[in-house]
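Asker: Next up is a structure, given as C-alpha coordinates.
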Amino acid sequence: MPSGYLPIFVFAILAALFPVAALLLARLVRPSAPNAAKLSAYECGIEPTSQSRGRYSVRFFLVAMLFVIFDVETVFLFPWAVRYRQLGWFGIAEAGVFLAFLVVGYVWVIRKRVLDWS
Amino acid sequence: MMISPYPVATIFGVLIVALTIAAGLIWLERRLLALWQDRYGPNRVGPFGLFQVMADMIKIFFKEDWIPPFADKTIFVIAPAIIMVTVLMSFAVLPIAPGIVVSDLNVGVLFILAMSSLGVYSVALAGWSSDNKYSLLGALRAAAQMLSYEVFMGLSIMGVVLLAGSFNLVQIIDAQRGLWFVIPQFLGFVLFLIAGVAETRRLPFDLPEAESELVAGFHSEYSGMKFGMFFVGEYLGITLISSLIAILFLGGWLGPILPPIVWFLLKTFLLICFFILLRASLPRPRFDQLMTWGWKVMLPLAVANLLVTGAIVVATAQGRSF
(Lines give C-alpha, C1' and ligand atoms only; values in the text may rest on other atoms or scores of the structure.)
Protein backbone atom coordinates (compact mmCIF):
# COMPACT_ATOMS: atom_id res chain seq x y z
CA MET A 1 0.00 0.00 0.00
CA PRO A 2 1.68 3.24 -1.06
CA SER A 3 1.59 5.80 1.72
CA GLY A 4 2.58 9.43 2.00
CA TYR A 5 0.52 10.58 -0.95
CA LEU A 6 -2.24 12.28 1.07
CA PRO A 7 -0.02 15.25 2.05
CA ILE A 8 1.12 15.47 -1.58
CA PHE A 9 -2.50 15.56 -2.72
CA VAL A 10 -3.30 18.39 -0.28
CA PHE A 11 -0.10 20.13 -1.36
CA ALA A 12 -1.11 19.82 -5.02
CA ILE A 13 -4.49 21.44 -4.40
CA LEU A 14 -2.93 24.32 -2.46
CA ALA A 15 -0.20 24.74 -5.09
CA ALA A 16 -2.84 24.88 -7.83
CA LEU A 17 -4.70 27.57 -5.90
CA PHE A 18 -1.77 29.98 -6.15
CA PRO A 19 -1.93 30.61 -9.91
CA VAL A 20 -5.75 30.66 -9.81
CA ALA A 21 -5.77 33.24 -7.01
CA ALA A 22 -3.07 35.32 -8.69
CA LEU A 23 -4.95 35.41 -11.99
CA LEU A 24 -8.28 36.25 -10.34
CA LEU A 25 -6.77 39.02 -8.23
CA ALA A 26 -5.00 40.48 -11.26
CA ARG A 27 -8.26 40.33 -13.19
CA LEU A 28 -9.95 42.52 -10.58
CA VAL A 29 -7.39 45.31 -10.55
CA ARG A 30 -5.85 45.41 -14.01
CA PRO A 31 -6.99 47.76 -16.78
CA SER A 32 -8.11 46.51 -20.16
CA ALA A 33 -7.72 48.76 -23.18
CA PRO A 34 -7.01 46.67 -26.26
CA ASN A 35 -6.37 48.24 -29.63
CA ALA A 36 -5.49 46.91 -33.06
CA ALA A 37 -1.73 47.28 -32.60
CA LYS A 38 -1.73 45.47 -29.27
CA LEU A 39 -3.84 42.65 -30.62
CA SER A 40 -1.65 41.82 -33.61
CA ALA A 41 1.06 39.18 -33.40
CA TYR A 42 4.39 40.54 -32.16
CA GLU A 43 6.93 40.53 -34.95
CA CYS A 44 9.18 43.39 -33.92
CA GLY A 45 6.81 46.05 -35.29
CA ILE A 46 6.60 44.65 -38.80
CA GLU A 47 3.20 43.58 -40.16
CA PRO A 48 2.87 39.83 -39.54
CA THR A 49 3.13 37.78 -42.69
CA SER A 50 1.79 34.24 -43.17
CA GLN A 51 0.66 31.78 -40.51
CA SER A 52 3.03 30.94 -37.71
CA ARG A 53 2.32 27.23 -37.88
CA GLY A 54 4.45 26.61 -40.91
CA ARG A 55 6.95 23.87 -41.48
CA TYR A 56 9.91 23.43 -39.22
CA SER A 57 12.99 21.26 -39.08
CA VAL A 58 12.47 17.50 -38.98
CA ARG A 59 15.33 17.34 -36.45
CA PHE A 60 12.91 18.31 -33.67
CA PHE A 61 10.90 15.16 -34.38
CA LEU A 62 14.06 13.06 -34.50
CA VAL A 63 15.09 14.39 -31.09
CA ALA A 64 11.67 13.48 -29.73
CA MET A 65 12.04 9.92 -31.02
CA LEU A 66 15.55 9.57 -29.63
CA PHE A 67 14.28 10.87 -26.32
CA VAL A 68 11.68 8.12 -26.13
CA ILE A 69 14.31 5.43 -26.76
CA PHE A 70 16.86 6.76 -24.31
CA ASP A 71 14.35 7.67 -21.64
CA VAL A 72 12.99 4.15 -21.68
CA GLU A 73 16.58 3.04 -21.24
CA THR A 74 16.95 5.16 -18.10
CA VAL A 75 13.62 3.90 -16.80
CA PHE A 76 14.92 0.33 -17.08
CA LEU A 77 18.09 1.31 -15.25
CA PHE A 78 16.23 2.86 -12.29
CA PRO A 79 15.14 -0.41 -10.62
CA TRP A 80 18.58 -1.86 -11.32
CA ALA A 81 20.18 1.08 -9.48
CA VAL A 82 18.41 0.35 -6.18
CA ARG A 83 18.70 -3.46 -6.38
CA TYR A 84 22.25 -3.90 -7.71
CA ARG A 85 23.60 -4.87 -4.26
CA GLN A 86 21.69 -8.16 -4.39
CA LEU A 87 22.58 -8.71 -8.04
CA GLY A 88 26.33 -8.11 -7.67
CA TRP A 89 28.58 -8.69 -10.69
CA PHE A 90 25.72 -10.45 -12.48
CA GLY A 91 23.74 -7.21 -12.36
CA ILE A 92 26.66 -5.18 -13.66
CA ALA A 93 27.11 -7.62 -16.54
CA GLU A 94 23.38 -7.54 -17.33
CA ALA A 95 23.37 -3.75 -17.38
CA GLY A 96 26.49 -3.87 -19.55
CA VAL A 97 24.79 -6.15 -22.10
CA PHE A 98 21.68 -3.99 -22.05
CA LEU A 99 23.72 -0.84 -22.61
CA ALA A 100 25.81 -2.54 -25.31
CA PHE A 101 22.68 -2.95 -27.42
CA LEU A 102 21.90 0.71 -26.93
CA VAL A 103 25.45 1.73 -27.80
CA VAL A 104 25.11 -0.08 -31.14
CA GLY A 105 22.00 1.99 -31.87
CA TYR A 106 23.69 5.12 -30.59
CA VAL A 107 26.69 4.64 -32.88
CA TRP A 108 24.32 4.03 -35.80
CA VAL A 109 22.46 7.26 -34.99
CA ILE A 110 25.73 9.18 -34.95
CA ARG A 111 26.92 7.57 -38.22
CA LYS A 112 23.58 8.54 -39.82
CA ARG A 113 24.30 12.14 -38.76
CA VAL A 114 20.97 12.43 -36.95
CA LEU A 115 22.67 14.43 -34.20
CA ASP A 116 24.42 16.88 -36.56
CA TRP A 117 22.43 20.08 -36.62
CA SER A 118 24.53 22.14 -39.00
CA MET B 1 7.67 5.89 7.04
CA MET B 2 8.36 9.10 8.93
CA ILE B 3 5.51 11.59 8.79
CA SER B 4 6.10 15.08 10.05
CA PRO B 5 4.22 15.89 13.27
CA TYR B 6 2.54 19.02 11.92
CA PRO B 7 1.61 18.12 8.35
CA VAL B 8 -0.61 21.11 7.61
CA ALA B 9 1.87 23.58 9.08
CA THR B 10 4.63 21.96 7.04
CA ILE B 11 2.61 22.14 3.83
CA PHE B 12 1.85 25.83 4.29
CA GLY B 13 5.37 26.54 5.48
CA VAL B 14 7.03 24.90 2.49
CA LEU B 15 4.67 26.59 0.02
CA ILE B 16 5.11 30.04 1.51
CA VAL B 17 8.86 29.75 1.98
CA ALA B 18 9.34 28.48 -1.58
CA LEU B 19 7.30 31.34 -3.05
CA THR B 20 8.98 33.92 -0.82
CA ILE B 21 12.44 32.74 -1.81
CA ALA B 22 11.42 32.79 -5.48
CA ALA B 23 10.15 36.36 -5.11
CA GLY B 24 13.25 37.38 -3.19
CA LEU B 25 15.40 36.06 -6.01
CA ILE B 26 14.01 38.77 -8.30
CA TRP B 27 15.80 41.27 -6.11
CA LEU B 28 18.84 39.10 -5.34
CA GLU B 29 19.54 38.32 -8.98
CA ARG B 30 19.38 41.96 -10.05
CA ARG B 31 21.58 43.06 -7.17
CA LEU B 32 24.18 40.33 -7.74
CA LEU B 33 24.27 40.88 -11.50
CA ALA B 34 24.77 44.58 -10.84
CA LEU B 35 27.57 43.81 -8.38
CA TRP B 36 29.38 41.62 -10.91
CA GLN B 37 28.90 44.18 -13.67
CA ASP B 38 30.05 47.18 -11.60
CA ARG B 39 26.65 48.85 -11.37
CA TYR B 40 24.27 49.57 -8.46
CA GLY B 41 21.16 47.61 -9.39
CA PRO B 42 17.83 48.35 -7.69
CA ASN B 43 18.68 50.39 -4.56
CA ARG B 44 15.92 53.02 -4.31
CA VAL B 45 12.87 51.23 -2.88
CA GLY B 46 13.45 50.59 0.81
CA PRO B 47 16.75 49.55 2.46
CA PHE B 48 19.16 48.15 -0.18
CA GLY B 49 16.24 48.23 -2.60
CA LEU B 50 14.67 45.25 -0.82
CA PHE B 51 11.11 46.50 -1.35
CA GLN B 52 11.72 46.29 -5.09
CA VAL B 53 10.11 42.85 -4.83
CA MET B 54 6.91 44.40 -3.51
CA ALA B 55 7.00 47.15 -6.13
CA ASP B 56 7.42 44.59 -8.90
CA MET B 57 4.56 42.47 -7.56
CA ILE B 58 2.20 45.45 -7.41
CA LYS B 59 3.25 46.50 -10.88
CA ILE B 60 2.67 43.06 -12.36
CA PHE B 61 -0.80 42.82 -10.79
CA PHE B 62 -1.83 46.16 -12.28
CA LYS B 63 -0.42 45.49 -15.75
CA GLU B 64 -2.81 45.05 -18.62
CA ASP B 65 -2.97 41.35 -19.47
CA TRP B 66 -4.50 40.64 -22.85
CA ILE B 67 -4.96 37.36 -24.62
CA PRO B 68 -4.16 37.69 -28.32
CA PRO B 69 -7.31 37.02 -30.41
CA PHE B 70 -5.43 34.51 -32.59
CA ALA B 71 -4.23 32.49 -29.58
CA ASP B 72 -5.71 29.24 -28.31
CA LYS B 73 -7.30 30.81 -25.23
CA THR B 74 -7.71 27.89 -22.82
CA ILE B 75 -4.21 26.53 -23.32
CA PHE B 76 -2.78 30.05 -23.33
CA VAL B 77 -4.11 30.61 -19.80
CA ILE B 78 -3.30 27.14 -18.46
CA ALA B 79 0.32 26.99 -19.71
CA PRO B 80 1.88 29.43 -17.20
CA ALA B 81 -0.03 27.80 -14.35
CA ILE B 82 1.42 24.38 -15.25
CA ILE B 83 4.99 25.47 -14.67
CA MET B 84 4.20 27.02 -11.29
CA VAL B 85 2.28 23.97 -10.06
CA THR B 86 4.73 21.33 -11.31
CA VAL B 87 7.77 23.10 -9.86
CA LEU B 88 5.96 23.71 -6.56
CA MET B 89 4.94 20.04 -6.41
CA SER B 90 8.59 18.98 -6.38
CA PHE B 91 9.06 20.90 -3.13
CA ALA B 92 6.62 18.47 -1.50
CA VAL B 93 9.26 15.74 -1.25
CA LEU B 94 12.28 17.90 -0.40
CA PRO B 95 13.57 17.18 3.13
CA ILE B 96 14.50 20.58 4.56
CA ALA B 97 15.59 19.48 8.02
CA PRO B 98 15.12 16.29 10.10
CA GLY B 99 11.35 15.83 10.32
CA ILE B 100 10.52 18.85 8.15
CA VAL B 101 9.26 17.32 4.92
CA VAL B 102 5.75 17.39 3.50
CA SER B 103 5.88 13.77 2.39
CA ASP B 104 8.82 11.45 2.96
CA LEU B 105 8.17 9.43 -0.22
CA ASN B 106 10.18 6.26 -0.80
CA VAL B 107 10.45 7.25 -4.49
CA GLY B 108 11.26 10.92 -3.91
CA VAL B 109 13.88 11.08 -6.66
CA LEU B 110 11.48 9.60 -9.21
CA PHE B 111 8.73 11.98 -8.11
CA ILE B 112 10.97 14.98 -8.73
CA LEU B 113 12.09 13.66 -12.12
CA ALA B 114 8.45 13.12 -13.09
CA MET B 115 7.47 16.64 -12.04
CA SER B 116 10.37 18.23 -13.87
CA SER B 117 9.36 16.30 -17.01
CA LEU B 118 5.87 17.78 -16.79
CA GLY B 119 7.42 21.25 -16.85
CA VAL B 120 8.14 20.76 -20.57
CA TYR B 121 4.41 20.90 -21.26
CA SER B 122 4.15 24.41 -19.90
CA VAL B 123 6.75 25.85 -22.23
CA ALA B 124 5.75 23.81 -25.27
CA LEU B 125 2.04 24.60 -24.88
CA ALA B 126 2.71 28.28 -24.20
CA GLY B 127 4.65 28.65 -27.42
CA TRP B 128 2.21 26.55 -29.42
CA SER B 129 -0.93 28.33 -28.20
CA SER B 130 0.56 31.80 -28.73
CA ASP B 131 0.49 31.28 -32.50
CA ASN B 132 3.45 33.58 -32.96
CA LYS B 133 6.53 32.62 -34.99
CA TYR B 134 9.02 33.51 -32.29
CA SER B 135 6.98 31.72 -29.64
CA LEU B 136 6.66 28.59 -31.71
CA LEU B 137 10.40 28.50 -32.40
CA GLY B 138 11.11 29.11 -28.73
CA ALA B 139 8.76 26.32 -27.73
CA LEU B 140 10.33 23.88 -30.18
CA ARG B 141 13.77 24.74 -28.92
CA ALA B 142 12.64 24.43 -25.32
CA ALA B 143 11.06 21.04 -25.90
CA ALA B 144 14.09 19.66 -27.77
CA GLN B 145 16.50 21.05 -25.17
CA MET B 146 14.58 19.88 -22.12
CA LEU B 147 13.98 16.40 -23.54
CA SER B 148 17.66 16.00 -24.46
CA TYR B 149 18.95 17.13 -21.09
CA GLU B 150 16.35 15.20 -19.13
CA VAL B 151 17.75 11.88 -20.34
CA PHE B 152 21.09 12.28 -18.65
CA MET B 153 19.67 14.29 -15.77
CA GLY B 154 18.04 11.04 -14.62
CA LEU B 155 21.17 9.04 -15.38
CA SER B 156 23.44 11.44 -13.49
CA ILE B 157 21.42 11.01 -10.27
CA MET B 158 21.56 7.22 -10.57
CA GLY B 159 25.16 7.25 -9.32
CA VAL B 160 23.90 8.80 -6.09
CA VAL B 161 21.06 6.28 -5.93
CA LEU B 162 23.59 3.46 -6.39
CA LEU B 163 25.70 4.71 -3.49
CA ALA B 164 22.73 5.32 -1.18
CA GLY B 165 20.76 2.28 -2.34
CA SER B 166 17.48 4.20 -2.18
CA PHE B 167 15.26 6.69 -4.01
CA ASN B 168 14.27 8.21 -0.69
CA LEU B 169 15.80 11.68 -0.25
CA VAL B 170 16.07 11.39 3.54
CA GLN B 171 17.97 8.11 3.22
CA ILE B 172 20.19 9.68 0.57
CA ILE B 173 21.10 12.44 3.04
CA ASP B 174 21.70 9.90 5.81
CA ALA B 175 24.01 7.94 3.52
CA GLN B 176 26.21 11.05 3.25
CA ARG B 177 27.08 11.22 6.95
CA GLY B 178 30.66 10.04 6.35
CA LEU B 179 31.34 11.69 3.02
CA TRP B 180 29.30 14.04 0.83
CA PHE B 181 28.47 12.45 -2.50
CA VAL B 182 30.07 15.35 -4.35
CA ILE B 183 33.46 13.64 -3.84
CA PRO B 184 32.77 10.05 -5.02
CA GLN B 185 30.23 11.34 -7.58
CA PHE B 186 32.02 14.45 -8.82
CA LEU B 187 31.26 13.69 -12.45
CA GLY B 188 27.60 13.04 -11.59
CA PHE B 189 27.54 16.36 -9.72
CA VAL B 190 28.85 18.29 -12.73
CA LEU B 191 26.46 16.49 -15.10
CA PHE B 192 23.48 17.13 -12.85
CA LEU B 193 24.43 20.78 -12.43
CA ILE B 194 24.58 21.28 -16.21
CA ALA B 195 21.34 19.36 -16.74
CA GLY B 196 19.73 21.44 -13.99
CA VAL B 197 20.70 24.70 -15.67
CA ALA B 198 19.33 23.38 -18.97
CA GLU B 199 16.09 22.18 -17.35
CA THR B 200 15.42 25.60 -15.81
CA ARG B 201 16.33 27.23 -19.14
CA ARG B 202 18.80 29.58 -17.49
CA LEU B 203 21.77 31.19 -19.15
CA PRO B 204 23.89 29.81 -20.79
CA PHE B 205 21.05 27.45 -21.81
CA ASP B 206 18.33 30.06 -22.29
CA LEU B 207 18.04 29.54 -26.06
CA PRO B 208 14.24 29.07 -25.86
CA GLU B 209 13.91 32.71 -24.82
CA ALA B 210 17.13 34.14 -26.31
CA GLU B 211 16.27 37.86 -26.15
CA SER B 212 18.57 38.83 -28.98
CA GLU B 213 17.05 36.50 -31.58
CA LEU B 214 13.65 35.25 -30.39
CA VAL B 215 12.52 38.24 -28.26
CA ALA B 216 11.56 36.16 -25.19
CA GLY B 217 10.65 33.11 -27.28
CA PHE B 218 7.83 31.05 -25.86
CA HIS B 219 6.43 33.93 -23.78
CA SER B 220 6.63 36.74 -26.35
CA GLU B 221 2.86 37.16 -26.34
CA TYR B 222 2.43 36.95 -22.57
CA SER B 223 1.92 39.97 -20.37
CA GLY B 224 0.82 40.93 -16.88
CA MET B 225 0.29 38.20 -14.31
CA LYS B 226 0.65 35.35 -16.82
CA PHE B 227 4.13 36.56 -17.68
CA GLY B 228 4.73 36.96 -13.95
CA MET B 229 3.93 33.28 -13.43
CA PHE B 230 6.59 32.22 -15.95
CA PHE B 231 8.97 34.52 -14.12
CA VAL B 232 8.18 33.08 -10.70
CA GLY B 233 8.24 29.59 -12.19
CA GLU B 234 11.79 30.16 -13.40
CA TYR B 235 12.95 31.35 -9.98
CA LEU B 236 11.15 28.48 -8.28
CA GLY B 237 13.02 26.19 -10.68
CA ILE B 238 16.38 27.66 -9.66
CA THR B 239 15.50 27.26 -5.99
CA LEU B 240 14.41 23.67 -6.61
CA ILE B 241 17.54 22.65 -8.54
CA SER B 242 19.79 24.35 -5.98
CA SER B 243 18.14 22.58 -3.05
CA LEU B 244 18.20 19.29 -4.98
CA ILE B 245 21.95 19.60 -5.59
CA ALA B 246 22.40 20.45 -1.91
CA ILE B 247 20.44 17.33 -0.92
CA LEU B 248 21.85 14.86 -3.44
CA PHE B 249 25.49 15.90 -3.52
CA LEU B 250 26.28 18.28 -0.66
CA GLY B 251 24.79 16.41 2.27
CA GLY B 252 21.52 18.37 2.61
CA TRP B 253 21.13 19.47 6.22
CA LEU B 254 24.35 17.76 7.42
CA GLY B 255 27.01 20.02 8.92
CA PRO B 256 28.72 20.85 12.21
CA ILE B 257 27.66 23.35 14.94
CA LEU B 258 24.88 25.24 13.13
CA PRO B 259 21.33 23.82 13.22
CA PRO B 260 20.44 21.55 10.25
CA ILE B 261 17.96 23.93 8.63
CA VAL B 262 20.59 26.69 8.54
CA TRP B 263 23.02 24.37 6.77
CA PHE B 264 20.43 23.40 4.20
CA LEU B 265 19.44 26.99 3.48
CA LEU B 266 23.07 28.11 3.39
CA LYS B 267 24.04 25.47 0.82
CA THR B 268 20.96 26.24 -1.27
CA PHE B 269 21.69 29.96 -1.11
CA LEU B 270 25.29 29.53 -2.25
CA LEU B 271 24.16 27.36 -5.18
CA ILE B 272 21.57 29.96 -6.17
CA CYS B 273 24.33 32.59 -6.17
CA PHE B 274 26.37 30.25 -8.38
CA PHE B 275 23.45 30.03 -10.83
CA ILE B 276 23.35 33.83 -10.99
CA LEU B 277 27.13 33.97 -11.43
CA LEU B 278 26.75 31.65 -14.44
CA ARG B 279 24.31 34.12 -15.94
CA ALA B 280 26.64 37.02 -15.25
CA SER B 281 29.68 35.42 -16.83
CA LEU B 282 28.85 32.97 -19.62
CA PRO B 283 27.87 33.63 -23.24
CA ARG B 284 25.07 31.73 -24.94
CA PRO B 285 26.02 28.84 -27.27
CA ARG B 286 24.38 28.17 -30.64
CA PHE B 287 21.49 25.72 -30.66
CA ASP B 288 23.33 23.03 -32.67
CA GLN B 289 26.24 23.26 -30.22
CA LEU B 290 23.81 22.80 -27.34
CA MET B 291 22.26 19.67 -28.83
CA THR B 292 25.59 18.17 -29.89
CA TRP B 293 26.98 18.81 -26.43
CA GLY B 294 24.03 17.11 -24.79
CA TRP B 295 23.84 14.02 -26.96
CA LYS B 296 27.48 13.43 -27.84
CA VAL B 297 29.31 14.44 -24.66
CA MET B 298 26.98 14.45 -21.67
CA LEU B 299 24.96 11.31 -22.42
CA PRO B 300 27.94 8.92 -22.90
CA LEU B 301 29.62 10.43 -19.83
CA ALA B 302 26.48 9.88 -17.73
CA VAL B 303 26.18 6.24 -18.84
CA ALA B 304 29.88 5.59 -18.22
CA ASN B 305 29.65 7.23 -14.80
CA LEU B 306 26.74 4.97 -13.87
CA LEU B 307 28.45 1.73 -14.97
CA VAL B 308 31.81 2.58 -13.37
CA THR B 309 30.12 3.61 -10.10
CA GLY B 310 28.16 0.36 -10.09
CA ALA B 311 31.29 -1.71 -10.69
CA ILE B 312 33.26 0.09 -7.97
CA VAL B 313 30.45 -0.24 -5.44
CA VAL B 314 30.02 -3.97 -6.14
CA ALA B 315 33.78 -4.50 -5.95
CA THR B 316 34.10 -2.75 -2.57
CA ALA B 317 30.97 -4.46 -1.20
CA GLN B 318 32.40 -7.89 -2.08
CA GLY B 319 35.78 -6.90 -0.67
CA ARG B 320 34.09 -6.14 2.66
CA SER B 321 32.13 -9.38 2.78
CA PHE B 322 35.30 -11.51 2.45
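By order in the C-alpha coordinates, chains are A, B, ...; within a chain, residues start at 1; ligands start at 1, following the order shown.
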Based on only C-alpha atoms, which of the residues in chain B come within 7 Å of chain A? I want them as a PyMOL selection string.
Answerer: chain B and resi 11+61-64+68-69+81+85+88-89+92+102-105+131-133+144+147-148+151+154-155+158+161-162+165-166+221+225+288+292+310-311+314
Asker: Any idea what's packed within 10 Å of Leu19 (chain B), counting only C-alpha atoms, ignoring anything in its chain fewer than 4 positions away? Could you give it as a PyMOL selection string?
Answerer: (chain A and resi 18) or (chain B and resi 13-15+23-25+84+88+232-233+235-236+239)
Asker: Dump N, CA, C and O atoms for the selected residues as a PDB file, in the first residue's frame?
Answerer:
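Result file is again.pdb:
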ATOM      1  N   PHE A  18      -2.577  28.761  -6.013  1.00  0.00           N
ATOM      2  CA  PHE A  18      -1.770  29.975  -6.151  1.00  0.00           C
ATOM      3  C   PHE A  18      -1.948  30.652  -7.503  1.00  0.00           C
ATOM      4  O   PHE A  18      -2.288  31.840  -7.552  1.00  0.00           O
TER       5      PHE A  18
ATOM      6  N   GLY B  13       4.027  25.981   5.322  1.00  0.00           N
ATOM      7  CA  GLY B  13       5.369  26.541   5.483  1.00  0.00           C
ATOM      8  C   GLY B  13       6.191  26.383   4.219  1.00  0.00           C
ATOM      9  O   GLY B  13       6.777  27.354   3.727  1.00  0.00           O
ATOM     10  N   VAL B  14       6.206  25.162   3.681  1.00  0.00           N
ATOM     11  CA  VAL B  14       7.027  24.904   2.490  1.00  0.00           C
ATOM     12  C   VAL B  14       6.544  25.750   1.323  1.00  0.00           C
ATOM     13  O   VAL B  14       7.341  26.382   0.618  1.00  0.00           O
ATOM     14  N   LEU B  15       5.219  25.804   1.126  1.00  0.00           N
ATOM     15  CA  LEU B  15       4.670  26.589   0.016  1.00  0.00           C
ATOM     16  C   LEU B  15       5.070  28.058   0.137  1.00  0.00           C
ATOM     17  O   LEU B  15       5.551  28.663  -0.823  1.00  0.00           O
ATOM     18  N   ALA B  23      10.366  34.924  -4.933  1.00  0.00           N
ATOM     19  CA  ALA B  23      10.148  36.357  -5.109  1.00  0.00           C
ATOM     20  C   ALA B  23      11.404  37.134  -4.724  1.00  0.00           C
ATOM     21  O   ALA B  23      11.807  38.076  -5.406  1.00  0.00           O
ATOM     22  N   GLY B  24      12.036  36.702  -3.634  1.00  0.00           N
ATOM     23  CA  GLY B  24      13.255  37.384  -3.190  1.00  0.00           C
ATOM     24  C   GLY B  24      14.358  37.308  -4.229  1.00  0.00           C
ATOM     25  O   GLY B  24      15.188  38.214  -4.338  1.00  0.00           O
ATOM     26  N   LEU B  25      14.355  36.223  -4.997  1.00  0.00           N
ATOM     27  CA  LEU B  25      15.403  36.058  -6.006  1.00  0.00           C
ATOM     28  C   LEU B  25      15.338  37.132  -7.070  1.00  0.00           C
ATOM     29  O   LEU B  25      16.351  37.454  -7.691  1.00  0.00           O
ATOM     30  N   MET B  84       4.195  26.704 -12.724  1.00  0.00           N
ATOM     31  CA  MET B  84       4.204  27.017 -11.287  1.00  0.00           C
ATOM     32  C   MET B  84       3.839  25.793 -10.470  1.00  0.00           C
ATOM     33  O   MET B  84       4.489  25.466  -9.477  1.00  0.00           O
ATOM     34  N   LEU B  88       6.317  23.703  -7.983  1.00  0.00           N
ATOM     35  CA  LEU B  88       5.955  23.714  -6.558  1.00  0.00           C
ATOM     36  C   LEU B  88       5.785  22.293  -6.025  1.00  0.00           C
ATOM     37  O   LEU B  88       6.185  21.988  -4.906  1.00  0.00           O
ATOM     38  N   VAL B 232       8.096  33.737 -11.999  1.00  0.00           N
ATOM     39  CA  VAL B 232       8.177  33.078 -10.701  1.00  0.00           C
ATOM     40  C   VAL B 232       8.522  31.606 -10.875  1.00  0.00           C
ATOM     41  O   VAL B 232       9.311  31.040 -10.122  1.00  0.00           O
ATOM     42  N   GLY B 233       7.942  30.985 -11.920  1.00  0.00           N
ATOM     43  CA  GLY B 233       8.237  29.585 -12.190  1.00  0.00           C
ATOM     44  C   GLY B 233       9.727  29.367 -12.424  1.00  0.00           C
ATOM     45  O   GLY B 233      10.305  28.386 -11.951  1.00  0.00           O
ATOM     46  N   TYR B 235      12.213  31.218 -11.242  1.00  0.00           N
ATOM     47  CA  TYR B 235      12.952  31.355  -9.981  1.00  0.00           C
ATOM     48  C   TYR B 235      12.677  30.193  -9.044  1.00  0.00           C
ATOM     49  O   TYR B 235      13.569  29.744  -8.320  1.00  0.00           O
ATOM     50  N   LEU B 236      11.443  29.680  -9.061  1.00  0.00           N
ATOM     51  CA  LEU B 236      11.151  28.476  -8.277  1.00  0.00           C
ATOM     52  C   LEU B 236      12.025  27.329  -8.772  1.00  0.00           C
ATOM     53  O   LEU B 236      12.543  26.540  -7.978  1.00  0.00           O
ATOM     54  N   THR B 239      15.499  27.650  -7.411  1.00  0.00           N
ATOM     55  CA  THR B 239      15.505  27.255  -5.994  1.00  0.00           C
ATOM     56  C   THR B 239      15.443  25.746  -5.872  1.00  0.00           C
ATOM     57  O   THR B 239      16.168  25.143  -5.072  1.00  0.00           O
TER      58      THR B 239
END
Asker: Just give me the gap between CA of Pro204 (chain B) and CA of Arg284 (chain B) in Å, one decimal is fine.
Answerer: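 Those two atoms sit 4.7 Å apart.
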Asker: What parts of region 15-192 of chain B does DSSP call helix (DSSP H, G or I)? I'd like the answer as a ChimeraX atom specification.
Answerer: /B:15-36,47-49,52-62,73-93,108-130,133-164,169-174,186-192
